[in-house]
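Shown next: structure-v1.cif, given as mmCIF, C-alpha atoms and all ligand atoms.
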data_upload
#
loop_
_atom_site.label_atom_id
_atom_site.label_comp_id
_atom_site.auth_asym_id
_atom_site.auth_seq_id
_atom_site.Cartn_x
_atom_site.Cartn_y
_atom_site.Cartn_z
CA MET A 1079 5.79 8.40 -18.97
CA ILE A 1080 7.68 11.70 -19.22
CA ILE A 1081 6.86 14.48 -21.68
CA VAL A 1082 9.61 16.97 -22.47
CA VAL A 1083 8.02 20.25 -23.51
CA SER A 1084 9.67 22.35 -26.27
CA PRO A 1085 11.56 25.36 -24.88
CA GLU A 1086 9.38 27.89 -26.78
CA ALA A 1087 6.07 26.59 -25.32
CA ALA A 1088 3.97 29.25 -23.59
CA PRO A 1089 2.08 28.51 -20.32
CA ALA A 1090 -1.17 28.07 -22.32
CA ASP A 1091 0.52 25.41 -24.50
CA ILE A 1092 1.59 23.52 -21.37
CA ASP A 1093 -1.96 23.80 -20.01
CA ARG A 1094 -3.25 22.15 -23.18
CA ILE A 1095 -0.86 19.21 -22.75
CA VAL A 1096 -1.86 18.86 -19.08
CA ALA A 1097 -5.56 18.93 -20.02
CA ARG A 1098 -4.99 16.10 -22.53
CA ILE A 1099 -3.19 14.04 -19.86
CA GLU A 1100 -6.09 14.52 -17.46
CA GLU A 1101 -8.62 13.62 -20.19
CA SER A 1102 -6.78 10.30 -20.53
CA GLY A 1103 -7.53 9.60 -16.84
CA ARG A 1104 -3.93 10.16 -15.72
CA GLN A 1105 -2.29 12.74 -13.45
CA ALA A 1106 0.21 15.38 -14.59
CA HIS A 1107 3.14 16.46 -12.39
CA LEU A 1108 5.04 19.49 -13.65
CA SER A 1109 8.74 20.05 -13.14
CA ILE A 1110 9.62 23.53 -14.33
CA GLY A 1111 13.35 23.95 -14.95
CA THR A 1112 15.24 26.99 -16.18
CA GLU A 1113 15.53 25.57 -19.71
CA ARG A 1114 12.82 22.96 -19.99
CA THR A 1115 9.50 21.95 -18.50
CA ILE A 1116 9.05 18.24 -17.97
CA ILE A 1117 5.65 16.71 -17.34
CA GLY A 1118 5.42 13.39 -15.51
CA VAL A 1119 2.38 11.37 -16.55
CA ILE A 1120 1.26 9.20 -13.65
CA GLY A 1121 -0.88 6.22 -14.62
CA PRO A 1122 -0.56 3.16 -16.85
CA ASP A 1123 1.97 3.58 -19.69
CA LEU A 1124 0.45 2.58 -23.03
CA PRO A 1125 2.31 2.72 -26.39
CA GLN A 1126 -0.69 4.36 -28.13
CA LEU A 1127 -0.65 7.13 -25.50
CA GLN A 1128 3.01 7.78 -26.23
CA ASP A 1129 2.18 8.09 -29.96
CA MET A 1130 -0.65 10.48 -29.17
CA PHE A 1131 1.48 12.81 -27.03
CA GLU A 1132 4.35 12.72 -29.54
CA THR A 1133 2.10 14.27 -32.20
CA MET A 1134 0.94 17.13 -29.97
CA ALA A 1135 2.19 20.67 -30.59
CA HIS A 1136 5.01 21.84 -28.30
CA VAL A 1137 5.96 18.31 -27.28
CA GLU A 1138 9.67 17.78 -27.89
CA SER A 1139 9.87 14.12 -26.87
CA VAL A 1140 8.09 11.43 -24.88
CA HIS A 1141 9.90 8.81 -22.80
CA ARG A 1142 8.53 5.78 -21.05
CA VAL A 1143 9.90 5.30 -17.53
CA THR A 1144 10.61 1.67 -16.92
CA LYS A 1145 11.41 2.08 -13.21
CA PRO A 1146 8.59 1.59 -10.70
CA TYR A 1147 9.25 4.99 -9.11
CA LYS A 1148 8.50 7.99 -11.29
CA LEU A 1149 8.33 11.34 -9.47
CA VAL A 1150 11.55 10.75 -7.53
CA SER A 1151 13.50 9.71 -10.63
CA ARG A 1152 16.21 11.76 -12.35
CA GLU A 1153 14.43 11.19 -15.64
CA PHE A 1154 11.43 13.05 -14.31
CA GLN A 1155 13.48 15.85 -12.80
CA PRO A 1156 17.07 16.17 -14.02
CA ARG A 1157 17.93 19.07 -11.68
CA ASP A 1158 18.65 18.46 -7.97
CA THR A 1159 15.82 19.18 -5.55
CA VAL A 1160 16.72 21.94 -3.13
CA ILE A 1161 14.47 22.07 -0.06
CA ASP A 1162 13.92 25.33 1.79
CA ILE A 1163 13.70 24.52 5.50
CA GLY A 1164 13.26 28.15 6.63
CA LYS A 1165 15.49 30.05 9.08
CA GLY A 1166 17.95 30.53 6.22
CA VAL A 1167 18.65 26.80 5.73
CA THR A 1168 18.31 24.88 2.46
CA ILE A 1169 19.10 21.22 1.82
CA GLY A 1170 20.38 19.90 -1.48
CA GLY A 1171 22.28 22.96 -2.66
CA ASN A 1172 25.96 23.78 -2.35
CA THR A 1173 25.94 24.22 1.44
CA LEU A 1174 25.96 20.94 3.34
CA ALA A 1175 23.22 20.30 5.90
CA VAL A 1176 24.63 19.30 9.28
CA MET A 1177 21.92 17.95 11.59
CA ALA A 1178 23.32 17.36 15.04
CA GLY A 1179 22.02 16.81 18.56
CA PRO A 1180 21.16 14.10 21.02
CA CYS A 1181 19.66 10.74 20.12
CA SER A 1182 16.91 11.38 22.71
CA ILE A 1183 15.82 14.64 24.29
CA GLU A 1184 16.44 14.03 27.99
CA ASP A 1185 15.40 17.35 29.54
CA GLU A 1186 15.25 21.01 28.56
CA ASP A 1187 18.75 22.02 29.72
CA HIS A 1188 20.24 18.98 28.00
CA VAL A 1189 18.81 19.78 24.59
CA VAL A 1190 19.38 23.55 24.87
CA GLY A 1191 23.02 23.03 25.88
CA THR A 1192 23.60 20.57 23.05
CA ALA A 1193 21.87 22.88 20.54
CA LEU A 1194 24.17 25.78 21.40
CA ALA A 1195 27.28 23.59 21.33
CA VAL A 1196 26.52 22.06 17.92
CA ARG A 1197 25.43 25.41 16.45
CA ASP A 1198 28.66 27.05 17.60
CA ALA A 1199 30.63 24.26 15.92
CA GLY A 1200 28.82 24.77 12.58
CA ALA A 1201 25.69 22.57 12.65
CA ASN A 1202 22.74 24.23 10.92
CA ILE A 1203 19.90 21.92 12.06
CA LEU A 1204 19.16 20.50 15.53
CA ARG A 1205 18.15 16.85 15.86
CA GLY A 1206 16.55 15.16 18.86
CA GLY A 1207 14.15 12.27 19.41
CA ALA A 1208 10.99 12.58 21.52
CA PHE A 1209 9.29 9.40 20.25
CA LYS A 1210 12.00 6.73 20.27
CA PRO A 1211 11.82 3.35 18.52
CA ARG A 1212 13.58 1.02 20.99
CA SER A 1213 14.13 -2.71 20.60
CA SER A 1214 13.10 -3.29 24.22
CA PRO A 1215 9.80 -1.98 25.56
CA TYR A 1216 11.57 -1.43 28.91
CA ALA A 1217 14.20 0.97 27.48
CA PHE A 1218 13.79 4.77 27.57
CA ARG A 1219 11.26 5.50 24.85
CA GLY A 1220 11.47 9.31 24.84
CA LEU A 1221 9.62 12.16 26.55
CA GLY A 1222 6.88 12.32 23.91
CA GLU A 1223 5.15 15.69 23.56
CA GLU A 1224 7.08 17.18 26.47
CA GLY A 1225 10.27 16.39 24.54
CA LEU A 1226 8.87 18.11 21.44
CA ARG A 1227 8.31 21.26 23.49
CA HIS A 1228 11.91 21.16 24.80
CA LEU A 1229 13.20 20.65 21.26
CA ALA A 1230 11.19 23.57 19.87
CA HIS A 1231 12.44 25.73 22.75
CA ALA A 1232 16.05 24.73 22.00
CA GLY A 1233 15.40 25.56 18.33
CA ARG A 1234 14.20 29.04 19.29
CA VAL A 1235 17.11 29.67 21.68
CA SER A 1236 19.73 28.53 19.16
CA GLY A 1237 17.98 29.81 16.01
CA LEU A 1238 18.30 26.33 14.44
CA PRO A 1239 15.47 24.54 12.63
CA VAL A 1240 14.67 21.17 14.22
CA ILE A 1241 14.17 17.61 13.01
CA THR A 1242 12.48 14.88 15.02
CA GLU A 1243 11.02 11.44 14.39
CA LEU A 1244 7.35 10.71 13.82
CA MET A 1245 6.61 7.07 14.64
CA SER A 1246 2.84 6.94 14.36
CA VAL A 1247 -0.04 8.67 12.60
CA ARG A 1248 -1.40 9.16 16.14
CA ASP A 1249 1.25 11.86 16.83
CA ILE A 1250 1.31 13.60 13.44
CA ASP A 1251 -0.34 16.86 14.57
CA ALA A 1252 1.97 17.25 17.56
CA VAL A 1253 5.14 16.48 15.59
CA ALA A 1254 4.09 18.70 12.65
CA LYS A 1255 3.40 21.54 15.09
CA TYR A 1256 6.93 21.55 16.58
CA ALA A 1257 9.20 20.14 13.86
CA ASP A 1258 10.69 21.91 10.84
CA ILE A 1259 11.55 18.52 9.30
CA ILE A 1260 9.74 15.27 10.05
CA GLN A 1261 11.95 12.20 10.28
CA ILE A 1262 10.54 8.83 9.24
CA GLY A 1263 12.75 6.30 11.01
CA ALA A 1264 14.33 3.20 9.53
CA ARG A 1265 11.72 0.96 11.14
CA ASN A 1266 8.90 2.88 9.47
CA MET A 1267 10.33 3.24 5.96
CA GLN A 1268 7.61 0.95 4.68
CA ASN A 1269 4.80 2.13 6.94
CA PHE A 1270 2.75 3.13 3.92
CA MET A 1271 -0.08 4.73 5.91
CA LEU A 1272 2.42 6.99 7.66
CA LEU A 1273 4.06 7.87 4.33
CA ASP A 1274 0.65 8.75 2.85
CA GLU A 1275 -0.11 11.04 5.78
CA VAL A 1276 3.19 12.95 5.73
CA GLY A 1277 2.65 13.26 1.97
CA LYS A 1278 -0.41 15.39 2.72
CA LEU A 1279 1.59 17.86 4.84
CA LYS A 1280 3.44 20.92 3.61
CA LYS A 1281 6.51 20.10 5.64
CA PRO A 1282 9.89 18.62 4.65
CA VAL A 1283 10.26 14.90 5.35
CA MET A 1284 13.44 12.83 5.75
CA ILE A 1285 13.08 9.10 5.11
CA LYS A 1286 15.70 6.87 6.66
CA ARG A 1287 16.62 3.67 4.89
CA ALA A 1288 15.17 0.54 6.49
CA LEU A 1289 17.47 -1.95 8.22
CA SER A 1290 17.09 -4.28 5.23
CA GLY A 1291 15.74 -1.75 2.77
CA GLN A 1292 16.72 -2.13 -0.85
CA ILE A 1293 17.46 1.02 -2.86
CA GLU A 1294 14.34 0.54 -4.98
CA GLU A 1295 12.13 0.05 -1.90
CA TRP A 1296 13.61 3.19 -0.34
CA LEU A 1297 12.95 5.25 -3.47
CA LEU A 1298 9.41 3.87 -3.61
CA ALA A 1299 8.90 4.98 0.00
CA ALA A 1300 9.81 8.51 -1.11
CA GLU A 1301 7.50 8.11 -4.11
CA TYR A 1302 4.58 7.57 -1.68
CA VAL A 1303 5.19 11.01 -0.16
CA LEU A 1304 5.62 12.79 -3.50
CA ALA A 1305 2.57 11.03 -4.95
CA GLN A 1306 0.45 12.63 -2.20
CA GLY A 1307 1.67 16.08 -3.26
CA ASN A 1308 4.60 16.75 -0.90
CA PRO A 1309 7.77 17.30 -2.99
CA SER A 1310 10.03 18.20 -0.02
CA VAL A 1311 11.60 14.82 0.65
CA MET A 1312 15.17 13.88 1.49
CA LEU A 1313 16.65 10.41 2.00
CA CYS A 1314 19.00 9.30 4.77
CA GLU A 1315 21.46 6.41 4.54
CA ARG A 1316 21.90 5.10 8.10
CA GLY A 1317 23.51 1.72 7.58
CA ILE A 1318 22.01 -1.67 6.83
CA ARG A 1319 22.05 -5.09 8.47
CA THR A 1320 24.69 -7.42 7.11
CA PHE A 1321 26.50 -10.52 8.39
CA GLU A 1322 29.08 -8.25 10.07
CA THR A 1323 28.75 -7.95 13.83
CA ALA A 1324 31.90 -5.91 14.51
CA TYR A 1325 29.80 -2.74 14.32
CA ARG A 1326 26.11 -1.98 14.77
CA ASN A 1327 25.26 -1.53 11.08
CA THR A 1328 27.16 -1.45 7.80
CA PHE A 1329 27.15 2.05 6.35
CA ASP A 1330 26.43 1.55 2.65
CA ILE A 1331 28.65 4.12 0.97
CA ASN A 1332 27.59 2.83 -2.47
CA ALA A 1333 24.06 4.01 -1.81
CA ILE A 1334 25.06 7.67 -1.89
CA PRO A 1335 26.35 8.00 -5.47
CA LEU A 1336 23.78 5.48 -6.72
CA VAL A 1337 20.79 7.30 -5.22
CA LYS A 1338 22.17 10.64 -6.45
CA GLU A 1339 22.28 9.13 -9.94
CA LEU A 1340 18.79 7.58 -9.80
CA SER A 1341 17.01 10.40 -8.01
CA HIS A 1342 17.01 14.19 -7.72
CA LEU A 1343 16.25 14.10 -3.97
CA PRO A 1344 18.90 15.21 -1.43
CA VAL A 1345 20.74 12.42 0.39
CA ILE A 1346 21.86 12.75 4.01
CA ALA A 1347 24.37 10.40 5.67
CA ASP A 1348 24.01 9.21 9.28
CA PRO A 1349 27.35 7.68 10.31
CA SER A 1350 26.22 7.53 13.97
CA HIS A 1351 23.61 4.80 13.39
CA GLY A 1352 25.59 3.64 10.34
CA THR A 1353 28.48 2.52 12.55
CA GLY A 1354 27.23 2.48 16.15
CA LYS A 1355 30.74 3.44 17.31
CA HIS A 1356 31.84 7.00 18.05
CA ALA A 1357 35.40 6.34 16.83
CA LEU A 1358 34.10 5.50 13.35
CA VAL A 1359 31.79 8.50 12.98
CA THR A 1360 34.32 11.06 11.68
CA PRO A 1361 35.98 8.87 9.01
CA VAL A 1362 32.62 7.64 7.72
CA ALA A 1363 31.21 11.19 7.75
CA CYS A 1364 34.18 12.29 5.62
CA ALA A 1365 33.70 9.35 3.24
CA ALA A 1366 30.01 10.16 2.83
CA ILE A 1367 30.69 13.81 1.95
CA ALA A 1368 33.41 12.72 -0.48
CA ALA A 1369 30.86 10.33 -2.07
CA GLY A 1370 28.42 13.19 -2.70
CA ALA A 1371 26.10 13.29 0.32
CA ASP A 1372 24.20 16.55 0.77
CA GLY A 1373 24.57 16.52 4.53
CA LEU A 1374 25.09 14.63 7.76
CA MET A 1375 23.04 13.56 10.75
CA ILE A 1376 25.25 13.21 13.84
CA GLU A 1377 24.41 12.23 17.43
CA VAL A 1378 26.07 14.47 20.01
CA HIS A 1379 25.82 14.27 23.81
CA PRO A 1380 27.51 16.34 26.56
CA SER A 1381 28.37 13.11 28.38
CA PRO A 1382 27.88 10.07 26.12
CA ASP A 1383 28.49 7.63 29.02
CA HIS A 1384 25.31 8.96 30.65
CA ALA A 1385 23.14 9.12 27.50
CA LEU A 1386 19.70 7.53 27.83
CA SER A 1387 20.08 6.09 24.32
CA ASP A 1388 22.87 5.52 21.79
CA GLY A 1389 25.75 6.79 23.97
CA ALA A 1390 28.25 4.45 22.28
CA GLN A 1391 27.83 6.22 18.95
CA SER A 1392 27.47 9.77 20.29
CA LEU A 1393 30.22 12.36 19.92
CA THR A 1394 31.16 14.70 22.76
CA TYR A 1395 31.08 18.43 22.03
CA ALA A 1396 34.85 18.33 21.43
CA GLY A 1397 34.48 15.25 19.23
CA PHE A 1398 31.85 17.05 17.15
CA GLN A 1399 34.09 20.11 16.74
CA SER A 1400 36.93 17.95 15.54
CA MET A 1401 34.61 16.05 13.15
CA MET A 1402 33.51 19.39 11.69
CA ARG A 1403 37.13 20.37 11.10
CA ALA A 1404 37.79 17.09 9.28
CA VAL A 1405 34.60 17.37 7.22
CA SER A 1406 35.35 20.96 6.20
CA GLY A 1407 38.55 19.81 4.47
CA ILE A 1408 36.67 17.15 2.50
CA ALA A 1409 33.82 19.57 1.73
CA ALA A 1410 36.29 22.01 0.20
CA ALA A 1411 37.81 19.23 -1.92
CA VAL A 1412 34.38 18.39 -3.41
CA GLU A 1413 33.42 22.05 -3.76
CA ARG A 1414 30.75 22.06 -1.09
CA SER A 1415 30.58 24.48 1.80
CA LEU A 1416 29.61 24.37 5.46
CA THR A 1417 27.84 26.98 7.57
CA PRO A 1418 30.77 28.82 9.18
CA PRO A 1419 31.19 27.90 12.87
CA LEU A 1420 30.38 30.68 15.34
CA VAL A 1421 33.20 29.55 17.59
CA HIS A 1422 36.50 28.40 16.14
CA ALA A 1423 37.74 25.61 18.35
C1 LIG B 1 17.46 8.06 15.29
O1 LIG B 1 17.75 8.87 14.38
O2 LIG B 1 17.62 8.28 16.50
C2 LIG B 1 16.97 6.71 14.91
C3 LIG B 1 16.27 5.97 15.76
O3 LIG B 1 17.37 6.35 13.69
P1 LIG B 1 17.06 5.04 12.80
O4 LIG B 1 15.60 5.12 12.46
O5 LIG B 1 17.97 5.24 11.63
O6 LIG B 1 17.42 3.84 13.62
MN MN B 2 19.86 7.17 18.00
#
Go ahead and express the file in the form of C-alpha cells.
Ligand code: PEP
Ligand code: MN
Amino acid sequence: MIIVVSPEAAPADIDRIVARIEESGRQAHLSIGTERTIIGVIGPDLPQLQDMFETMAHVESVHRVTKPYKLVSREFQPRDTVIDIGKGVTIGGNTLAVMAGPCSIEDEDHVVGTALAVRDAGANILRGGAFKPRSSPYAFRGLGEEGLRHLAHAGRVSGLPVITELMSVRDIDAVAKYADIIQIGARNMQNFMLLDEVGKLKKPVMIKRALSGQIEEWLLAAEYVLAQGNPSVMLCERGIRTFETAYRNTFDINAIPLVKELSHLPVIADPSHGTGKHALVTPVACAAIAAGADGLMIEVHPSPDHALSDGAQSLTYAGFQSMMRAVSGIAAAVERSLTPPLVHA
C-alpha cells in the first residue's frame, strides 16, 4: 500500500503516520520528493487498513499496489533514483554512465592500461571481473582477490570508480572492500541469500538480468536488496536466451522502456554480453541509449584475440573510441550527456 502525504504536512505529522503504520505491524519506507512525501507500507494489504489511513490527518490518498514488488515500483517512487557512486559520478541522472574495461582482470598492467584507455575515450566507471562465472570449470575463472587489488589500483591510477562481480557470500567482505559498485551476475540474479547480504551493505549494487529472467523476477530480485535497506540498486539488461543461435544472447530492447516505466531504478545496457559479437556492440549500444537506458557496460581489451575470456565480444581501444563517438550523437538526440573524453580520437 502507498500513502501519499498532503504537501502541507510537517515532519511531526509524517512521524504520526509512520507510528500508526508500525503499530499495525507493518514497515514504513519513506520517499521524500520535492513536492510530495510518499510512504510505502510493507506488509499485508487489507481494505480496512486502507480505510483507516484514508481518515488520518495529512493523508492525501491511499493506493493499494497490486504488483508483487513494492519499493522498486514507480508508484512508490515516481521520481528517478539517482545513485551517487562517489568520485564525481552519479547514475540515473542526465549524464550517462559508461562502465568499460576487460571481461576478466588478467594482470596489473592489463587492467591499468585498459582503464586509462577507456577513461581517455569518455568512460566514467571501470569494469573488470576477478571472480568469473564460467560454464566450464577448466576455463580461466579469474584472479580472485589478487584481481580485486589490481582493479582497485587501476581505479586509483585512472581516478575511475570500479565495478566488479560478487559471486558468493564467501567473498562479500573482499569485494565490498575494493569495489565502488557490486555486480550481481546474471547467474546469481535469483541467489536470494546473496541479494539479502548485499542489501545489508551501504554500497551500490547492479543486478544483471538472468539468462531466462522475466521482468517481474528481475524487479523482485531488486526488491530483495531494497527490502534489506539498501536503496542504491541499478538493473542491467544483458540479453536473454532465446531460440536464436546466430548470436550469444538476444538483447531485449523492450526491457529498457518497460523497466523504466515500471520502476524508478536506473537501467544499464550491456550489449557485449547481449550480443556476444564485437561488430554488434556499437549499434546495440546506440539502440539502448535511444530506448532510454541510463548507461552502458562495455567489454574492452587491448588485444581481444588474446583475451582470457569473452574476446569475441570485446572492443579494441579504437573500437571503443568509435563506439563512444556513435553513442554521443544518439545521447544528444535524447538529451542525455556523456562525460567529455580526455582525448579526442
Ligand atoms: C560479466 O559482466 O563479465 C558477466 C559474466 O556478465 P553476465 O553475468 O551478464 O553473464
Ligand atoms: Mn564477460
TODO: Select, from A:Phe1218, A:Trp1296, A:Tyr1302, A:Tyr1395, the residue with the minimum atom-to-atom distance to ligand MN 2 (chain B), counting only C-alpha atoms and all ligand atoms.
DONE: A:Phe1218
Which residues of chain A come within 10 Å of ligand LIG 1 (chain B), and what is each one's closest atom pair and distance in Å (one decimal), counting all atoms listed in the file, sorted by chain and residue number, as a tab-separated table?
residue	atom	partner	partner_atom	distance
A:Gly1179	CA	B:LIG1	O2	9.8
A:Pro1180	CA	B:LIG1	O2	8.2
A:Cys1181	CA	B:LIG1	O2	4.8
A:Ser1182	CA	B:LIG1	O2	7.0
A:Arg1205	CA	B:LIG1	O1	8.1
A:Gly1206	CA	B:LIG1	O2	7.4
A:Gly1207	CA	B:LIG1	O2	6.0
A:Ala1208	CA	B:LIG1	O2	9.4
A:Phe1209	CA	B:LIG1	C3	9.0
A:Lys1210	CA	B:LIG1	C3	6.3
A:Pro1211	CA	B:LIG1	C3	5.9
A:Arg1212	CA	B:LIG1	C3	7.7
A:Ile1241	CA	B:LIG1	O1	9.5
A:Thr1242	CA	B:LIG1	O1	8.0
A:Glu1243	CA	B:LIG1	O1	7.2
A:Met1245	CA	B:LIG1	O4	9.5
A:Gln1261	CA	B:LIG1	O1	7.8
A:Ile1262	CA	B:LIG1	O4	7.1
A:Gly1263	CA	B:LIG1	O4	3.4
A:Ala1264	CA	B:LIG1	O4	3.7
A:Arg1265	CA	B:LIG1	O4	5.8
A:Asn1266	CA	B:LIG1	O4	7.7
A:Met1267	CA	B:LIG1	O4	8.6
A:Ile1285	CA	B:LIG1	O4	8.7
A:Lys1286	CA	B:LIG1	O5	5.7
A:Arg1287	CA	B:LIG1	O5	7.1
A:Ala1288	CA	B:LIG1	O5	7.5
A:Leu1289	CA	B:LIG1	O6	7.9
A:Cys1314	CA	B:LIG1	O5	8.0
A:Glu1315	CA	B:LIG1	O5	8.0
A:Arg1316	CA	B:LIG1	O5	5.3
A:Gly1317	CA	B:LIG1	O5	7.7
A:Ile1318	CA	B:LIG1	O5	9.3
A:Asn1327	CA	B:LIG1	O6	9.8
A:Asp1348	CA	B:LIG1	O5	7.6
A:Pro1349	CA	B:LIG1	O5	9.8
A:Ser1350	CA	B:LIG1	O1	8.6
A:His1351	CA	B:LIG1	O5	5.9
A:Gly1352	CA	B:LIG1	O5	7.9
A:Met1375	CA	B:LIG1	O1	7.9
A:Ile1376	CA	B:LIG1	O1	8.7
A:Glu1377	CA	B:LIG1	O2	7.9
A:Ser1387	CA	B:LIG1	O2	8.5
A:Asp1388	CA	B:LIG1	O2	7.9
Selected residues written out, C-alpha atoms, as a PDB file, keeping the file's coordinate frame:
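That gives us out.pdb:
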ATOM      1  CA  GLY A1179      22.020  16.810  18.560  1.00  0.00           C
ATOM      2  CA  PRO A1180      21.160  14.100  21.020  1.00  0.00           C
ATOM      3  CA  CYS A1181      19.660  10.740  20.120  1.00  0.00           C
ATOM      4  CA  SER A1182      16.910  11.380  22.710  1.00  0.00           C
ATOM      5  CA  ARG A1205      18.150  16.850  15.860  1.00  0.00           C
ATOM      6  CA  GLY A1206      16.550  15.160  18.860  1.00  0.00           C
ATOM      7  CA  GLY A1207      14.150  12.270  19.410  1.00  0.00           C
ATOM      8  CA  ALA A1208      10.990  12.580  21.520  1.00  0.00           C
ATOM      9  CA  PHE A1209       9.290   9.400  20.250  1.00  0.00           C
ATOM     10  CA  LYS A1210      12.000   6.730  20.270  1.00  0.00           C
ATOM     11  CA  PRO A1211      11.820   3.350  18.520  1.00  0.00           C
ATOM     12  CA  ARG A1212      13.580   1.020  20.990  1.00  0.00           C
ATOM     13  CA  ILE A1241      14.170  17.610  13.010  1.00  0.00           C
ATOM     14  CA  THR A1242      12.480  14.880  15.020  1.00  0.00           C
ATOM     15  CA  GLU A1243      11.020  11.440  14.390  1.00  0.00           C
ATOM     16  CA  MET A1245       6.610   7.070  14.640  1.00  0.00           C
ATOM     17  CA  GLN A1261      11.950  12.200  10.280  1.00  0.00           C
ATOM     18  CA  ILE A1262      10.540   8.830   9.240  1.00  0.00           C
ATOM     19  CA  GLY A1263      12.750   6.300  11.010  1.00  0.00           C
ATOM     20  CA  ALA A1264      14.330   3.200   9.530  1.00  0.00           C
ATOM     21  CA  ARG A1265      11.720   0.960  11.140  1.00  0.00           C
ATOM     22  CA  ASN A1266       8.900   2.880   9.470  1.00  0.00           C
ATOM     23  CA  MET A1267      10.330   3.240   5.960  1.00  0.00           C
ATOM     24  CA  ILE A1285      13.080   9.100   5.110  1.00  0.00           C
ATOM     25  CA  LYS A1286      15.700   6.870   6.660  1.00  0.00           C
ATOM     26  CA  ARG A1287      16.620   3.670   4.890  1.00  0.00           C
ATOM     27  CA  ALA A1288      15.170   0.540   6.490  1.00  0.00           C
ATOM     28  CA  LEU A1289      17.470  -1.950   8.220  1.00  0.00           C
ATOM     29  CA  CYS A1314      19.000   9.300   4.770  1.00  0.00           C
ATOM     30  CA  GLU A1315      21.460   6.410   4.540  1.00  0.00           C
ATOM     31  CA  ARG A1316      21.900   5.100   8.100  1.00  0.00           C
ATOM     32  CA  GLY A1317      23.510   1.720   7.580  1.00  0.00           C
ATOM     33  CA  ILE A1318      22.010  -1.670   6.830  1.00  0.00           C
ATOM     34  CA  ASN A1327      25.260  -1.530  11.080  1.00  0.00           C
ATOM     35  CA  ASP A1348      24.010   9.210   9.280  1.00  0.00           C
ATOM     36  CA  PRO A1349      27.350   7.680  10.310  1.00  0.00           C
ATOM     37  CA  SER A1350      26.220   7.530  13.970  1.00  0.00           C
ATOM     38  CA  HIS A1351      23.610   4.800  13.390  1.00  0.00           C
ATOM     39  CA  GLY A1352      25.590   3.640  10.340  1.00  0.00           C
ATOM     40  CA  MET A1375      23.040  13.560  10.750  1.00  0.00           C
ATOM     41  CA  ILE A1376      25.250  13.210  13.840  1.00  0.00           C
ATOM     42  CA  GLU A1377      24.410  12.230  17.430  1.00  0.00           C
ATOM     43  CA  SER A1387      20.080   6.090  24.320  1.00  0.00           C
ATOM     44  CA  ASP A1388      22.870   5.520  21.790  1.00  0.00           C
TER      45      ASP A1388
END
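You will find atom CA of His1188 of chain A at 17.9 Å from atom CA of Gln1399 of chain A.
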Open item on the list: Under the rule that all atoms listed in the file are counted, which of A:Gly1354, A:Ser1151, A:Gly1277, A:Glu1224 is the nearest residue to Leu1336 of chain A?
Closed with: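 Among the listed residues, A:Ser1151 lies closest to Leu1336 of chain A.
Minimum atom-to-atom distances from A:Asp1383, A:Asp1093, A:Asp1249, A:Asp1258 to Leu1272 of chain A were compared using only C-alpha atoms, and the lowest value belongs to A:Asp1249.
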Open item on the list: For Gly1307 of chain A, find every residue with an atom within 10 Å (counting only C-alpha atoms), except residues of its own chain fewer than 4 positions away, and show them as a PyMOL selection string.
Closed with: chain A and resi 1107+1274+1276-1280+1301-1303
Go ahead and write the residues just picked, C-alpha atoms, as a PDB file, keeping the file's coordinate frame.
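What ended up in part34.pdb:
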ATOM      1  CA  HIS A1107       3.140  16.460 -12.390  1.00  0.00           C
ATOM      2  CA  ASP A1274       0.650   8.750   2.850  1.00  0.00           C
ATOM      3  CA  VAL A1276       3.190  12.950   5.730  1.00  0.00           C
ATOM      4  CA  GLY A1277       2.650  13.260   1.970  1.00  0.00           C
ATOM      5  CA  LYS A1278      -0.410  15.390   2.720  1.00  0.00           C
ATOM      6  CA  LEU A1279       1.590  17.860   4.840  1.00  0.00           C
ATOM      7  CA  LYS A1280       3.440  20.920   3.610  1.00  0.00           C
ATOM      8  CA  GLU A1301       7.500   8.110  -4.110  1.00  0.00           C
ATOM      9  CA  TYR A1302       4.580   7.570  -1.680  1.00  0.00           C
ATOM     10  CA  VAL A1303       5.190  11.010  -0.160  1.00  0.00           C
TER      11      VAL A1303
END
Open item on the list: So, with all atoms listed in the file as the atoms that count, which of A:Gly1111, A:Gly1220, A:Pro1085, A:Gly1171 lies closest to Glu1138 of chain A?
Closed with: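 Distance minimum relative to Glu1138 of chain A lands on A:Pro1085.
Using all atoms listed in the file, the shortest contact distance between Ala1366 of chain A and any of A:Gln1126, A:Asn1332, A:Ser1406, A:Ser1392 is found at A:Asn1332.
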Task: Among listed residues A:Ser1213, A:Thr1417, A:Gln1306, A:Ser1139, nearest ligand MN 2 (chain B) (using all atoms listed in the file) - done: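 Nearest candidate to ligand MN 2 (chain B) out of A:Ser1213, A:Thr1417, A:Gln1306, A:Ser1139: A:Ser1213.
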- [ ] For atom CA of Arg1104 of chain A and atom CA of Val1140 of chain A, quote the distance in Å rounded to one decimal.
- [x]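 Atom CA of Val1140 of chain A lies 15.2 Å from atom CA of Arg1104 of chain A.
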Open item on the list: Just the number, please: distance in Å from atom CA of Leu1416 of chain A to atom CA of Asn1172 of chain A, one decimal.
Closed with: 8.6 Å
Open item on the list: Residues near Asp1162 of chain A, anyone? I mean within 9 Å using all atoms listed in the file, not counting same-chain ones fewer than 4 positions away, as an MDAnalysis selection string.
Closed with: chainID A and resid 1166:1169 1282 1310
Open item on the list: Every residue with an atom at most 9 Å from (23.6, 24.4, 13.5) (file coordinates; all atoms listed in the file) is what I'm after, so could you write them as a ChimeraX atom specification?
Closed with: /A:1175-1178,1193-1204,1236-1239,1417,1419
Open item on the list: For Asp1123 of chain A, find every residue with an atom within 8 Å (counting only C-alpha atoms), except residues of its own chain fewer than 2 positions away, and show them as a list in words.
Closed with: Met1079, Gly1121, Pro1125, Leu1127, Gln1128 and Arg1142 of chain A
Task: Expected residue set, 6 Å radius at (11.4, 19.3, -2.8), only C-alpha atoms, as a PyMOL selection string - done: chain A and resi 1159-1161+1309-1311
- [ ] Compile the contact shell of Ala1106 of chain A as a VMD selection string: residues with an atom at most 7 Å away, counting only C-alpha atoms, same-chain residues fewer than 6 positions apart removed.
- [x] chain A and resid 1096 1099 to 1100 1117 to 1120
